[in-house]
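J.: What follows is input_23.cif, made up of mmCIF, C-alpha atoms:
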```cif
data_protein
#
loop_
_atom_site.label_atom_id
_atom_site.label_comp_id
_atom_site.auth_asym_id
_atom_site.auth_seq_id
_atom_site.Cartn_x
_atom_site.Cartn_y
_atom_site.Cartn_z
CA MET U 249 -78.65 -44.92 21.13
CA ILE U 250 -77.83 -46.17 24.65
CA ASP U 251 -81.52 -46.94 25.22
CA ILE U 252 -81.55 -49.23 22.18
CA VAL U 253 -78.39 -51.03 23.30
CA LEU U 254 -79.85 -51.57 26.80
CA LEU U 255 -83.11 -52.85 25.30
CA VAL U 256 -81.23 -55.33 23.10
CA LEU U 257 -79.18 -56.50 26.13
CA LYS U 258 -82.35 -56.99 28.20
CA ILE U 259 -83.96 -59.02 25.42
CA GLY U 260 -80.78 -61.11 25.02
CA ILE U 261 -80.57 -61.86 28.76
CA LEU U 262 -84.27 -62.73 28.82
CA ALA U 263 -83.79 -65.10 25.86
CA LEU U 264 -80.85 -66.79 27.62
CA LEU U 265 -82.94 -67.14 30.78
CA TYR U 266 -85.76 -68.82 28.84
CA LEU U 267 -83.28 -71.17 27.14
CA PHE U 268 -81.84 -72.12 30.53
CA ILE U 269 -85.28 -72.83 32.01
CA TRP U 270 -86.22 -74.86 28.92
CA GLN U 271 -83.06 -77.01 29.32
CA VAL U 272 -83.77 -77.59 33.02
CA VAL U 273 -87.36 -78.66 32.33
CA LYS U 274 -86.25 -80.89 29.44
CA THR U 275 -83.64 -82.62 31.63
CA ALA U 276 -86.11 -83.08 34.48
CA VAL U 277 -88.72 -84.64 32.18
CA ALA U 278 -86.11 -86.96 30.65
CA THR U 279 -85.02 -88.06 34.13
CA VAL U 280 -88.59 -88.79 35.22
CA ARG U 281 -89.35 -90.73 32.04
CA ALA U 282 -86.16 -92.81 32.26
CA PRO U 283 -86.75 -96.56 31.90
CA THR U 284 -86.87 -98.48 35.19
CA ALA U 285 -84.15 -100.92 34.09
CA ALA U 286 -81.68 -98.05 33.77
CA ALA U 287 -82.67 -96.72 37.19
CA ALA U 288 -82.11 -100.15 38.77
CA ALA U 289 -78.66 -100.56 37.21
CA PRO U 290 -75.76 -100.38 39.66
CA ASP U 291 -73.70 -97.20 39.82
CA VAL U 292 -70.42 -99.08 39.37
CA ALA U 293 -69.31 -101.54 36.74
CA LEU U 294 -69.50 -105.09 38.06
CA PRO U 295 -66.62 -107.47 37.38
CA ALA U 296 -67.18 -110.01 34.62
CA GLY U 297 -69.00 -113.11 35.82
CA SER U 298 -70.41 -111.50 38.96
CA ARG U 299 -74.02 -111.88 40.02
CA PRO U 300 -76.40 -108.97 39.52
CA VAL U 301 -77.24 -106.99 42.64
CA ALA U 302 -80.67 -107.79 44.09
CA VAL U 303 -83.04 -104.83 44.16
CA PHE U 304 -85.61 -104.76 46.96
CA SER U 305 -88.59 -102.52 47.47
CA PRO U 306 -88.65 -100.35 50.61
CA ALA U 307 -91.19 -102.72 52.22
CA GLU U 308 -88.97 -105.74 51.46
CA ARG U 309 -85.92 -103.94 52.88
CA GLU U 310 -87.83 -103.12 56.08
CA ALA U 311 -88.98 -106.76 56.42
CA ARG U 312 -85.41 -108.02 55.92
CA ARG U 313 -84.11 -105.50 58.49
CA ASP U 314 -86.73 -106.62 61.04
CA GLU U 315 -85.81 -110.26 60.34
CA ARG U 316 -82.14 -109.53 61.05
CA LEU U 317 -83.01 -107.77 64.31
CA THR U 318 -85.02 -110.67 65.71
CA GLU U 319 -83.29 -113.04 68.06
CA ARG U 320 -81.64 -115.90 66.14
CA THR U 321 -81.57 -119.12 68.11
CA MET U 322 -81.41 -122.81 67.40
CA ALA U 323 -84.72 -124.64 67.69
CA GLY U 324 -85.73 -124.98 71.32
CA GLU U 325 -82.74 -123.08 72.72
CA LYS U 326 -82.79 -119.58 74.12
CA LEU U 327 -79.60 -117.57 74.01
CA ASP U 328 -78.98 -115.38 77.04
CA PHE U 329 -76.11 -112.92 76.87
CA THR U 330 -77.21 -110.76 79.79
CA GLY U 331 -74.22 -111.96 81.83
CA GLN U 332 -71.83 -110.40 79.30
CA ILE U 333 -73.74 -107.13 78.88
CA ASP U 334 -72.61 -104.14 80.94
CA PRO U 335 -75.02 -101.32 79.97
CA ARG U 336 -73.77 -97.79 80.57
CA ILE U 337 -74.07 -94.26 79.27
CA ILE U 338 -71.03 -92.13 78.62
CA VAL U 339 -70.99 -88.33 78.44
CA GLU U 340 -69.94 -87.27 74.95
CA ARG U 341 -70.59 -83.54 75.20
CA SER U 342 -71.83 -81.37 78.07
CA PRO U 343 -71.45 -77.80 79.25
CA ILE U 344 -71.31 -78.90 82.92
CA MET U 345 -69.68 -82.35 82.87
CA PRO U 346 -66.37 -83.50 81.42
CA ALA U 347 -66.56 -85.80 78.41
CA GLY U 348 -65.95 -89.47 79.16
CA VAL U 349 -67.80 -89.68 82.49
CA VAL U 350 -69.39 -93.15 82.70
CA PHE U 351 -72.74 -93.86 84.36
CA PRO U 352 -73.43 -97.60 84.78
CA LEU U 353 -77.05 -98.51 84.15
CA SER U 354 -78.54 -100.79 86.76
CA GLY U 355 -82.24 -100.47 87.43
CA TRP U 356 -84.10 -97.23 86.84
CA ILE U 357 -81.90 -94.15 86.43
CA THR U 358 -83.49 -90.69 86.46
CA VAL U 359 -82.02 -87.58 84.85
CA GLY U 360 -82.99 -84.03 85.76
CA ARG U 361 -82.21 -80.82 87.59
CA ALA U 362 -83.68 -82.01 90.90
CA SER U 363 -81.20 -83.13 93.54
CA SER U 364 -83.21 -86.35 93.91
CA SER U 365 -82.27 -87.38 90.34
CA ASP U 366 -79.65 -90.09 89.87
CA ILE U 367 -77.88 -87.95 87.25
CA VAL U 368 -78.17 -84.26 88.13
CA LEU U 369 -77.86 -81.89 85.17
CA ASP U 370 -78.08 -78.30 86.39
CA GLU U 371 -78.75 -76.86 82.93
CA HIS U 372 -81.23 -74.24 81.82
CA PHE U 373 -82.95 -76.55 79.28
CA VAL U 374 -83.32 -79.56 81.63
CA SER U 375 -86.54 -80.11 83.59
CA SER U 376 -86.43 -81.11 87.25
CA THR U 377 -87.49 -84.67 86.33
CA HIS U 378 -86.56 -84.81 82.67
CA ALA U 379 -86.01 -88.44 81.61
CA ARG U 380 -85.48 -91.94 82.94
CA PHE U 381 -83.49 -94.96 81.73
CA VAL U 382 -85.52 -98.15 82.26
CA PRO U 383 -84.49 -101.82 81.79
CA ARG U 384 -86.98 -104.15 80.12
CA GLY U 385 -85.69 -107.68 79.75
CA SER U 386 -82.24 -107.40 78.22
CA PHE U 387 -82.93 -103.99 76.65
CA TYR U 388 -82.79 -100.45 77.97
CA TYR U 389 -85.29 -97.76 77.09
CA VAL U 390 -85.26 -94.02 77.68
CA GLU U 391 -88.54 -92.41 78.71
CA ASP U 392 -89.28 -88.71 78.48
CA LEU U 393 -91.07 -87.68 81.69
CA GLY U 394 -93.02 -84.78 80.19
CA SER U 395 -90.03 -82.46 79.93
CA THR U 396 -90.48 -79.00 78.48
CA ASN U 397 -87.66 -79.20 75.91
CA GLY U 398 -87.84 -82.93 75.15
CA THR U 399 -85.47 -85.86 75.15
CA PHE U 400 -83.80 -86.90 71.89
CA VAL U 401 -82.40 -90.25 70.73
CA ASN U 402 -80.21 -89.93 67.63
CA GLU U 403 -81.64 -86.43 67.11
CA LYS U 404 -85.24 -87.72 67.01
CA GLN U 405 -87.52 -86.50 69.76
CA VAL U 406 -88.77 -89.22 72.09
CA SER U 407 -92.52 -89.37 72.43
CA GLY U 408 -93.13 -91.69 75.34
CA GLU U 409 -90.13 -94.02 75.18
CA ALA U 410 -87.43 -95.21 72.78
CA GLN U 411 -85.29 -98.36 72.82
CA LEU U 412 -81.57 -97.78 73.15
CA LYS U 413 -79.31 -99.64 70.78
CA LEU U 414 -75.53 -99.81 70.76
CA ASP U 415 -74.03 -96.32 70.20
CA SER U 416 -77.39 -94.53 70.44
CA ARG U 417 -76.95 -90.85 71.25
CA VAL U 418 -79.30 -89.50 73.95
CA ARG U 419 -79.56 -85.72 74.29
CA VAL U 420 -80.99 -84.20 77.46
CA GLY U 421 -80.75 -80.41 77.38
CA GLU U 422 -77.30 -79.67 75.99
CA THR U 423 -75.73 -82.88 77.34
CA VAL U 424 -75.24 -85.78 74.94
CA PHE U 425 -74.83 -89.34 76.26
CA ARG U 426 -73.74 -92.40 74.24
CA TYR U 427 -75.26 -95.79 75.15
CA GLU U 428 -72.85 -98.74 75.30
CA GLU U 429 -73.08 -102.34 76.45
#
```
Turn the structure described in the file into structure tokens.
T.:
Amino acid sequence: MIDIVLLVLKIGILALLYLFIWQVVKTAVATVRAPTAAAAAPDVALPAGSRPVAVFSPAEREARRDERLTERTMAGEKLDFTGQIDPRIIVERSPIMPAGVVFPLSGWITVGRASSSDIVLDEHFVSSTHARFVPRGSFYYVEDLGSTNGTFVNEKQVSGEAQLKLDSRVRVGETVFRYEE
């Protein structure tokens, strides 16, 4: 008798499992086949009389972002703000340095374990000549100098060099610097 009850329970659970999988597949297919107009609709209700939100393709968004990043000047005039820029890196987190230590950036600054480095980080994961901060025009770049464990800008590994933007996080070993101007 117990064997029959267990068999009926197994069949019931199996039937419920198949029903669940069928519902998941049905919902997934309905989501994929949803009309594009519904997918483009905003998530919130817009106030009466408001304009519809423009929808851009990823390529259009990238082009608009690049356009915003380019230097905006009046015709024939070049804006130069280098006199107001004070580039520096600030220690955010480090096992060997207190947070808040400021390193002004002027010229090439090297980071590594070697005593000849401008910023000496005596950490296990830092190479002797690990990275270098380099000015190019009014911008600063960080270059990885072939380190074993890599240099990271905003948690993306630097291959060659990466431009530093305001509030970029640079990780060398276990030390994290924040770039400011």
J.: Evaluate the PyMOL selection byres ((chain U and resi 373) around 8) on the structure here and hand back the selected residues as a list of chain:residue names.
T.: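 Evaluating the PyMOL selection byres ((chain U and resi 373) around 8) on this file yields U:Glu371, U:His372, U:Val374, U:Ser375, U:Thr396, U:Asn397, U:Gly421, U:Glu422.
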J.: Hey, what comes out of the PyMOL selection byres ((chain U and resi 392) around 7) on this file? Could you write it as a PDB file with C-alpha atoms, in the frame of the given file?
T.:
```
ATOM      1  CA  HIS U 378     -86.560 -84.810  82.670  1.00  0.00           C
ATOM      2  CA  ALA U 379     -86.010 -88.440  81.610  1.00  0.00           C
ATOM      3  CA  ARG U 380     -85.480 -91.940  82.940  1.00  0.00           C
ATOM      4  CA  VAL U 390     -85.260 -94.020  77.680  1.00  0.00           C
ATOM      5  CA  GLU U 391     -88.540 -92.410  78.710  1.00  0.00           C
ATOM      6  CA  LEU U 393     -91.070 -87.680  81.690  1.00  0.00           C
ATOM      7  CA  GLY U 394     -93.020 -84.780  80.190  1.00  0.00           C
ATOM      8  CA  SER U 395     -90.030 -82.460  79.930  1.00  0.00           C
ATOM      9  CA  GLY U 398     -87.840 -82.930  75.150  1.00  0.00           C
ATOM     10  CA  THR U 399     -85.470 -85.860  75.150  1.00  0.00           C
ATOM     11  CA  VAL U 406     -88.770 -89.220  72.090  1.00  0.00           C
ATOM     12  CA  SER U 407     -92.520 -89.370  72.430  1.00  0.00           C
ATOM     13  CA  GLY U 408     -93.130 -91.690  75.340  1.00  0.00           C
ATOM     14  CA  GLU U 409     -90.130 -94.020  75.180  1.00  0.00           C
TER      15      GLU U 409
END
```
J.: At what distance in Å, to one decimal, does CA of Ala311 (chain U) lie from CA of Asp415 (chain U)?
T.: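 The value is 22.9 Å.
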J.: Find the distance between CA of Ala263 (chain U) and CA of Thr275 (chain U) and write it in Å to one decimal.
T.: 18.4 Å
J.: Using the chain letters and numbers from the file, give me the residues hit by the PyMOL selection byres ((chain U and resi 365) around 12), as a VMD selection string.
T.: chain U and resid 356 to 364 366 to 370 374 to 381
J.: Quote the spacing between CA of Trp270 (chain U) and CA of Asp251 (chain U) in Å to one decimal place.
T.: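 Taking CA of Trp270 (chain U) as the start and CA of Asp251 (chain U) as the end point, the length is 28.6 Å.
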J.: Write out as JSON an axis-aligned box for region 407-419 of chain U: all of its atoms listed in the file, 4 Å added on each side, centre and edge lengths in Å with one decimal.
T.:
```
{"center_x": -83.6, "center_y": -92.8, "center_z": 72.8, "size_x": 27.1, "size_y": 22.1, "size_z": 13.1}
```
J.: Please identify all polymer residues within 8 Å of region 335-345 of chain U, counting all atoms listed in the file, omitting same-chain residues fewer than 5 positions from it, and present them as a ChimeraX atom specification.
T.: /U:350-354,369-371,422-429
